[in-house]
file start.txt (compact mmCIF, C-alpha atoms)
# COMPACT_ATOMS: atom_id res chain seq x y z
CA MET B 4 28.98 22.08 16.33
CA ALA B 5 32.17 20.00 16.30
CA ALA B 6 34.53 20.60 13.45
CA ASN B 7 35.06 16.86 13.03
CA ALA B 8 31.53 16.06 11.91
CA SER B 9 31.61 18.27 8.84
CA THR B 10 28.09 17.98 7.57
CA ASN B 11 27.16 19.99 4.55
CA PRO B 12 25.41 23.14 5.83
CA SER B 13 23.10 23.30 2.84
CA GLN B 14 21.40 20.05 3.76
CA LEU B 15 18.30 19.67 5.84
CA LEU B 16 18.86 18.47 9.38
CA PRO B 17 16.31 16.00 10.74
CA LEU B 18 16.14 17.85 14.03
CA GLU B 19 15.35 21.07 12.27
CA LEU B 20 12.54 19.55 10.31
CA VAL B 21 10.90 18.19 13.43
CA ASP B 22 11.42 21.50 15.16
CA LYS B 23 9.65 23.32 12.37
CA CYS B 24 6.76 20.97 12.80
CA ILE B 25 6.08 22.05 16.35
CA GLY B 26 2.56 23.43 16.49
CA SER B 27 1.37 21.63 13.40
CA ARG B 28 0.02 18.20 12.62
CA ILE B 29 2.43 15.34 12.54
CA HIS B 30 1.99 11.72 11.65
CA ILE B 31 4.19 9.26 13.49
CA VAL B 32 4.81 5.75 12.25
CA MET B 33 5.89 3.19 14.82
CA LYS B 34 8.00 0.10 14.29
CA SER B 35 4.87 -1.96 14.65
CA ASP B 36 1.67 -1.46 12.63
CA LYS B 37 0.62 1.50 14.66
CA GLU B 38 0.48 5.12 13.69
CA ILE B 39 -0.23 8.24 15.64
CA VAL B 40 -1.54 11.51 14.25
CA GLY B 41 -1.63 14.63 16.35
CA THR B 42 -0.42 18.14 16.91
CA LEU B 43 3.19 18.22 17.93
CA LEU B 44 3.75 20.17 21.10
CA GLY B 45 7.36 19.32 21.58
CA PHE B 46 10.04 16.71 21.84
CA ASP B 47 12.88 16.09 24.20
CA ASP B 48 16.48 15.08 23.93
CA PHE B 49 16.65 13.68 20.43
CA VAL B 50 19.90 11.90 21.08
CA LYS B 51 18.68 8.52 22.05
CA LEU B 52 14.93 8.51 22.41
CA ALA B 53 12.98 11.61 21.44
CA ASP B 54 9.82 11.21 23.39
CA MET B 55 7.19 13.37 21.84
CA VAL B 56 4.29 15.25 23.31
CA LEU B 57 1.19 15.38 21.14
CA GLU B 58 -2.28 16.78 21.36
CA ASP B 59 -5.63 15.85 19.85
CA VAL B 60 -4.31 12.46 19.02
CA THR B 61 -5.77 9.74 16.85
CA GLU B 62 -4.28 6.31 17.01
CA PHE B 63 -4.40 4.01 13.98
CA GLU B 64 -3.91 0.30 13.92
CA ILE B 65 -3.04 -0.71 10.38
CA THR B 66 -3.67 -4.43 10.21
CA PRO B 67 -7.07 -4.80 11.88
CA GLU B 68 -8.19 -2.05 9.50
CA GLY B 69 -9.33 1.33 10.61
CA ARG B 70 -8.79 3.66 13.46
CA ARG B 71 -8.68 2.52 16.97
CA ILE B 72 -8.85 5.21 19.60
CA THR B 73 -9.16 8.96 19.50
CA LYS B 74 -7.48 10.55 22.46
CA LEU B 75 -7.75 14.17 23.30
CA ASP B 76 -5.69 16.19 25.72
CA GLN B 77 -2.07 15.37 25.59
CA ILE B 78 0.02 12.29 25.35
CA LEU B 79 3.63 11.56 25.90
CA LEU B 80 4.79 9.18 23.24
CA ASN B 81 7.76 6.99 24.03
CA GLY B 82 10.40 7.56 21.40
CA ASN B 83 11.65 3.99 21.63
CA ASN B 84 9.36 2.68 18.92
CA ILE B 85 9.21 5.60 16.55
CA THR B 86 10.33 4.74 13.05
CA MET B 87 9.22 7.66 10.91
CA LEU B 88 7.80 11.12 11.37
CA VAL B 89 5.75 12.78 8.66
CA PRO B 90 5.25 16.49 9.22
CA GLY B 91 1.79 17.63 8.22
CA GLY B 92 0.73 14.07 7.60
CA GLU B 93 -2.85 13.07 8.20
CA GLY B 94 -2.28 9.37 8.59
CA PRO B 95 -3.71 6.47 6.68
CA GLU B 96 -6.89 7.30 4.84
CA VAL B 97 -9.59 4.91 5.90
CA MET J 5 46.95 21.23 45.57
CA ALA J 6 44.81 18.21 44.91
CA ASN J 7 42.52 20.26 42.74
CA VAL J 8 45.34 21.53 40.57
CA GLY J 9 46.63 18.00 40.06
CA GLY J 10 43.14 16.83 39.20
CA GLY J 11 42.79 19.73 36.78
CA GLY J 12 46.01 18.81 35.00
CA GLY J 13 45.04 15.16 34.69
CA GLY J 14 41.61 16.15 33.51
CA ALA J 15 43.03 18.29 30.74
CA GLY J 16 45.06 15.36 29.50
CA LYS J 17 42.05 13.10 29.40
CA MET J 18 40.03 15.71 27.57
CA ALA J 19 42.61 15.77 24.79
CA ASP J 20 42.26 12.01 24.36
CA LYS J 21 38.50 12.24 24.21
CA GLU J 22 38.71 14.88 21.50
CA LYS J 23 40.52 12.45 19.25
CA LYS J 24 37.91 9.76 19.76
CA LYS J 25 35.11 11.97 18.52
CA LYS J 26 32.18 10.19 16.95
CA GLU J 27 32.97 9.62 13.31
CA SER J 28 30.50 8.01 11.03
CA ILE J 29 31.87 5.02 9.15
CA LEU J 30 29.45 5.77 6.35
CA ASP J 31 29.70 9.15 4.71
CA LEU J 32 26.13 9.94 3.81
CA SER J 33 26.94 13.26 2.21
CA LYS J 34 27.69 11.49 -1.03
CA TYR J 35 24.11 10.20 -1.08
CA ILE J 36 22.50 13.57 -0.65
CA GLY J 37 20.14 14.18 -3.53
CA LYS J 38 20.13 10.53 -4.45
CA THR J 39 17.41 7.99 -3.93
CA ILE J 40 18.19 5.54 -1.19
CA ARG J 41 16.53 2.49 0.23
CA VAL J 42 16.18 2.26 4.00
CA LYS J 43 15.15 -0.74 6.04
CA PHE J 44 13.91 -0.50 9.60
CA GLN J 45 13.57 -2.67 12.62
CA GLY J 46 10.12 -4.15 12.52
CA GLY J 47 10.25 -4.93 8.82
CA ARG J 48 9.33 -1.61 7.30
CA GLU J 49 11.11 -0.38 4.21
CA ALA J 50 11.15 2.99 2.59
CA SER J 51 12.88 4.73 -0.23
CA GLY J 52 13.27 8.39 -0.96
CA VAL J 53 15.66 11.15 -1.86
CA LEU J 54 18.09 11.85 0.92
CA LYS J 55 17.82 15.47 1.92
CA GLY J 56 19.73 15.46 5.17
CA PHE J 57 21.08 13.44 8.03
CA ASP J 58 22.88 13.72 11.35
CA PRO J 59 25.58 11.62 13.01
CA LEU J 60 22.92 9.63 14.85
CA LEU J 61 21.64 8.41 11.51
CA ASN J 62 18.37 10.28 11.67
CA LEU J 63 17.49 10.88 8.04
CA VAL J 64 15.39 13.31 6.07
CA LEU J 65 13.86 11.70 2.99
CA ASP J 66 11.78 13.42 0.35
CA GLY J 67 9.17 11.87 -1.89
CA THR J 68 9.21 8.87 0.39
CA ILE J 69 7.55 5.64 -0.60
CA GLU J 70 6.90 3.19 2.17
CA TYR J 71 6.70 -0.55 1.57
CA MET J 72 5.07 -2.71 4.14
CA ARG J 73 5.19 -6.46 4.55
CA ASP J 74 2.01 -8.37 5.03
CA PRO J 75 1.79 -11.91 6.39
CA ASP J 76 0.73 -13.37 3.06
CA ASP J 77 2.87 -10.90 1.14
CA GLN J 78 6.26 -12.01 2.40
CA TYR J 79 8.50 -9.92 0.32
CA LYS J 80 6.36 -8.56 -2.48
CA LEU J 81 7.16 -4.91 -2.75
CA THR J 82 4.50 -3.69 -5.13
CA GLU J 83 1.64 -4.29 -2.71
CA ASP J 84 0.89 -1.88 0.06
CA THR J 85 3.08 0.99 -0.85
CA ARG J 86 2.14 4.49 0.03
CA GLN J 87 3.47 7.93 -0.58
CA LEU J 88 4.60 9.73 2.50
CA GLY J 89 6.38 12.76 1.12
CA LEU J 90 8.87 14.48 3.37
CA VAL J 91 9.71 12.33 6.36
CA VAL J 92 12.21 12.07 9.17
CA CYS J 93 13.52 8.57 9.79
CA ARG J 94 14.68 7.76 13.31
CA GLY J 95 18.26 6.62 13.31
CA THR J 96 17.64 4.27 16.20
CA SER J 97 15.29 2.30 14.00
CA VAL J 98 17.39 2.14 10.84
CA VAL J 99 19.09 -1.16 10.09
CA LEU J 100 20.14 -0.79 6.46
CA ILE J 101 20.83 1.97 3.98
CA CYS J 102 21.69 1.44 0.35
CA PRO J 103 21.37 3.38 -2.90
CA GLN J 104 18.25 2.50 -4.84
CA ASP J 105 20.36 2.05 -7.96
CA GLY J 106 22.66 -0.40 -6.30
CA MET J 107 20.12 -3.10 -5.68
CA GLU J 108 17.73 -5.34 -7.51
CA ALA J 109 15.37 -8.13 -6.59
CA ILE J 110 16.53 -11.58 -7.63
CA PRO J 111 14.83 -14.97 -7.41
CA ASN J 112 15.60 -16.76 -4.21
CA PRO J 113 18.95 -18.53 -4.72
CA LEU J 114 18.52 -20.60 -1.61
CA ILE J 115 15.38 -22.52 -2.48
CA GLN J 116 16.11 -26.21 -2.62
CA GLN J 117 14.27 -28.29 -5.17
CA GLN J 118 12.28 -31.08 -3.57
CA ASP J 119 12.63 -34.40 -5.27
CA GLY J 120 9.13 -35.71 -6.04
call {"tool": "encode", "arguments": {"input": "start.txt", "output": "structure tokens"}}
result
Amino acid sequence: MAANASTNPSQLLPLELVDKCIGSRIHIVMKSDKEIVGTLLGFDDFVKLADMVLEDVTEFEITPEGRRITKLDQILLNGNNITMLVPGGEGPEV
Amino acid sequence: MANVGGGGGGAGKMADKEKKKKESILDLSKYIGKTIRVKFQGGREASGVLKGFDPLLNLVLDGTIEYMRDPDDQYKLTEDTRQLGLVVCRGTSVVLICPQDGMEAIPNPLIQQQDG
């Protein structure tokens, strides 16, 4: 990339890690007490938002205890509220 | 003609933009391999070993422990922690980064004693 941003090449880039996760399970933690577990199909422009497309999705609400909705097919998740992504994560064990 | 003039002016502007490239004010490369504490919008906190980052402040943390705040918990860290392992933290959500060594919990210095 640009010579100015001299990031150490031996480090692990966040984008790369998410990219490796495509096709496998991923656990997404939102800013609020909500978590999403699903199979990552892809993500878009990671610059500002990173909306993610997931499949076979289970949605967890942490405070009211226990899982909320299980959605199949595919969802487009708005990247606005994503705080953390855990590749291969299975979500909160309830 | 007009295009050539526009091309020349454009080249000059491009040179200016090159100088104003996005530089991070915090050099995270010195934290690589170290345990850092990260706070997020929404009140979440996590700590882990910094494995990687990008200029947008997306982070890769390993051995991540997440601390969550409960209503009755306020700021007790020991409750509700969980191991997350290798995670990517969204830079858009990060509000604070500090080395785990460089911080400690202290009793609230701002509490005012009520005269009974």
call {"tool": "atom_distance", "arguments": {"input": "start.txt", "atom1": "CA of Met55 in chain B", "atom2": "CA of Leu65 in chain J"}}
result
20.1 Å
call {"tool": "interface_residues", "arguments": {"input": "start.txt", "of": "chain B", "to": "chain J", "cutoff": "6 Å", "atoms": "all atoms listed in the file", "output": "ChimeraX atom specification"}}
result
/B:14-17,34,86-89
call {"tool": "residues_around", "arguments": {"input": "start.txt", "residues": "Asp76 in chain B", "least_positions_apart": "3", "cutoff": "10 Å", "atoms": "all atoms listed in the file", "output": "list in words"}}
result
Leu57, Glu58, Asp59 and Val60 of chain B
call {"tool": "atom_distance", "arguments": {"input": "start.txt", "atom1": "CA of Leu30 in chain J", "atom2": "CA of Asp22 in chain B"}}
result
25.5 Å
call {"tool": "atom_distance", "arguments": {"input": "start.txt", "atom1": "CA of Arg73 in chain J", "atom2": "CA of Gly91 in chain B"}}
result
24.6 Å
call {"tool": "decode", "arguments": {"input": "start.txt", "residues": "range 54-66 of chain B", "atoms": "all heavy atoms", "output": "tab-separated table (two decimals), in the first residue's frame"}}
result
chain	number	residue	atom	x	y	z
B	54	ASP	N	-20.55	-3.79	6.27
B	54	ASP	CA	-21.75	-4.59	6.38
B	54	ASP	C	-21.36	-6.03	6.09
B	54	ASP	O	-20.52	-6.30	5.27
B	54	ASP	CB	-22.80	-4.14	5.35
B	54	ASP	CG	-23.15	-2.69	5.56
B	54	ASP	OD1	-23.27	-2.28	6.72
B	54	ASP	OD2	-23.30	-1.98	4.55
B	55	MET	N	-21.99	-6.95	6.80
B	55	MET	CA	-21.63	-8.33	6.63
B	55	MET	C	-22.83	-9.16	6.21
B	55	MET	O	-23.95	-8.90	6.64
B	55	MET	CB	-21.04	-8.88	7.92
B	55	MET	CG	-20.15	-7.87	8.61
B	55	MET	SD	-19.04	-8.61	9.78
B	55	MET	CE	-17.75	-9.12	8.70
B	56	VAL	N	-22.58	-10.13	5.38
B	56	VAL	CA	-23.64	-11.03	4.96
B	56	VAL	C	-23.43	-12.36	5.66
B	56	VAL	O	-22.34	-12.93	5.60
B	56	VAL	CB	-23.63	-11.22	3.42
B	56	VAL	CG1	-24.72	-12.17	3.00
B	56	VAL	CG2	-23.78	-9.89	2.73
B	57	LEU	N	-24.46	-12.85	6.32
B	57	LEU	CA	-24.33	-14.07	7.09
B	57	LEU	C	-25.44	-15.04	6.73
B	57	LEU	O	-26.49	-14.66	6.22
B	57	LEU	CB	-24.42	-13.76	8.60
B	57	LEU	CG	-23.37	-12.82	9.13
B	57	LEU	CD1	-23.80	-12.25	10.45
B	57	LEU	CD2	-22.05	-13.54	9.31
B	58	GLU	N	-25.21	-16.28	7.06
B	58	GLU	CA	-26.17	-17.32	6.75
B	58	GLU	C	-26.39	-18.18	7.98
B	58	GLU	O	-25.50	-18.28	8.84
B	58	GLU	CB	-25.62	-18.18	5.61
B	58	GLU	CG	-26.62	-19.05	4.92
B	58	GLU	CD	-25.99	-19.67	3.68
B	58	GLU	OE1	-24.95	-20.31	3.81
B	58	GLU	OE2	-26.57	-19.49	2.60
B	59	ASP	N	-27.59	-18.77	8.06
B	59	ASP	CA	-27.89	-19.68	9.18
B	59	ASP	C	-27.61	-18.99	10.50
B	59	ASP	O	-26.80	-19.42	11.32
B	59	ASP	CB	-27.04	-20.94	9.05
B	59	ASP	CG	-27.51	-22.02	10.01
B	59	ASP	OD1	-28.61	-21.85	10.58
B	59	ASP	OD2	-26.79	-23.01	10.20
B	60	VAL	N	-28.32	-17.90	10.69
B	60	VAL	CA	-27.97	-16.97	11.75
B	60	VAL	C	-28.78	-17.22	13.01
B	60	VAL	O	-29.97	-17.48	12.96
B	60	VAL	CB	-28.22	-15.53	11.24
B	60	VAL	CG1	-28.09	-14.54	12.37
B	60	VAL	CG2	-27.25	-15.22	10.13
B	61	THR	N	-28.11	-17.11	14.14
B	61	THR	CA	-28.80	-17.12	15.42
B	61	THR	C	-28.50	-15.80	16.10
B	61	THR	O	-27.35	-15.35	16.13
B	61	THR	CB	-28.29	-18.27	16.31
B	61	THR	OG1	-28.36	-19.48	15.57
B	61	THR	CG2	-29.14	-18.38	17.56
B	62	GLU	N	-29.56	-15.21	16.64
B	62	GLU	CA	-29.39	-13.91	17.27
B	62	GLU	C	-29.53	-14.09	18.78
B	62	GLU	O	-30.45	-14.73	19.26
B	62	GLU	CB	-30.46	-12.97	16.73
B	62	GLU	CG	-30.57	-11.66	17.42
B	62	GLU	CD	-31.74	-10.86	16.87
B	62	GLU	OE1	-32.27	-11.23	15.82
B	62	GLU	OE2	-32.13	-9.88	17.52
B	63	PHE	N	-28.60	-13.53	19.53
B	63	PHE	CA	-28.62	-13.67	20.99
B	63	PHE	C	-28.80	-12.32	21.64
B	63	PHE	O	-28.11	-11.36	21.31
B	63	PHE	CB	-27.29	-14.25	21.49
B	63	PHE	CG	-27.05	-15.66	21.09
B	63	PHE	CD1	-26.42	-15.95	19.90
B	63	PHE	CD2	-27.43	-16.70	21.91
B	63	PHE	CE1	-26.17	-17.25	19.52
B	63	PHE	CE2	-27.18	-18.01	21.55
B	63	PHE	CZ	-26.56	-18.29	20.35
B	64	GLU	N	-29.71	-12.29	22.60
B	64	GLU	CA	-29.86	-11.08	23.40
B	64	GLU	C	-29.28	-11.41	24.77
B	64	GLU	O	-29.73	-12.35	25.42
B	64	GLU	CB	-31.34	-10.72	23.51
B	64	GLU	CG	-31.58	-9.31	23.94
B	64	GLU	CD	-31.64	-8.36	22.75
B	64	GLU	OE1	-32.05	-8.77	21.67
B	64	GLU	OE2	-31.25	-7.19	22.93
B	65	ILE	N	-28.29	-10.67	25.21
B	65	ILE	CA	-27.56	-11.09	26.41
B	65	ILE	C	-28.32	-10.83	27.71
B	65	ILE	O	-28.42	-11.67	28.55
B	65	ILE	CB	-26.18	-10.39	26.46
B	65	ILE	CG1	-25.30	-10.93	25.35
B	65	ILE	CG2	-25.52	-10.63	27.79
B	65	ILE	CD1	-25.01	-12.38	25.48
B	66	THR	N	-28.89	-9.67	27.85
B	66	THR	CA	-29.49	-9.35	29.14
B	66	THR	C	-30.75	-10.14	29.48
B	66	THR	O	-30.83	-10.70	30.56
B	66	THR	CB	-29.76	-7.83	29.25
B	66	THR	OG1	-28.62	-7.15	28.78
B	66	THR	CG2	-30.03	-7.44	30.68
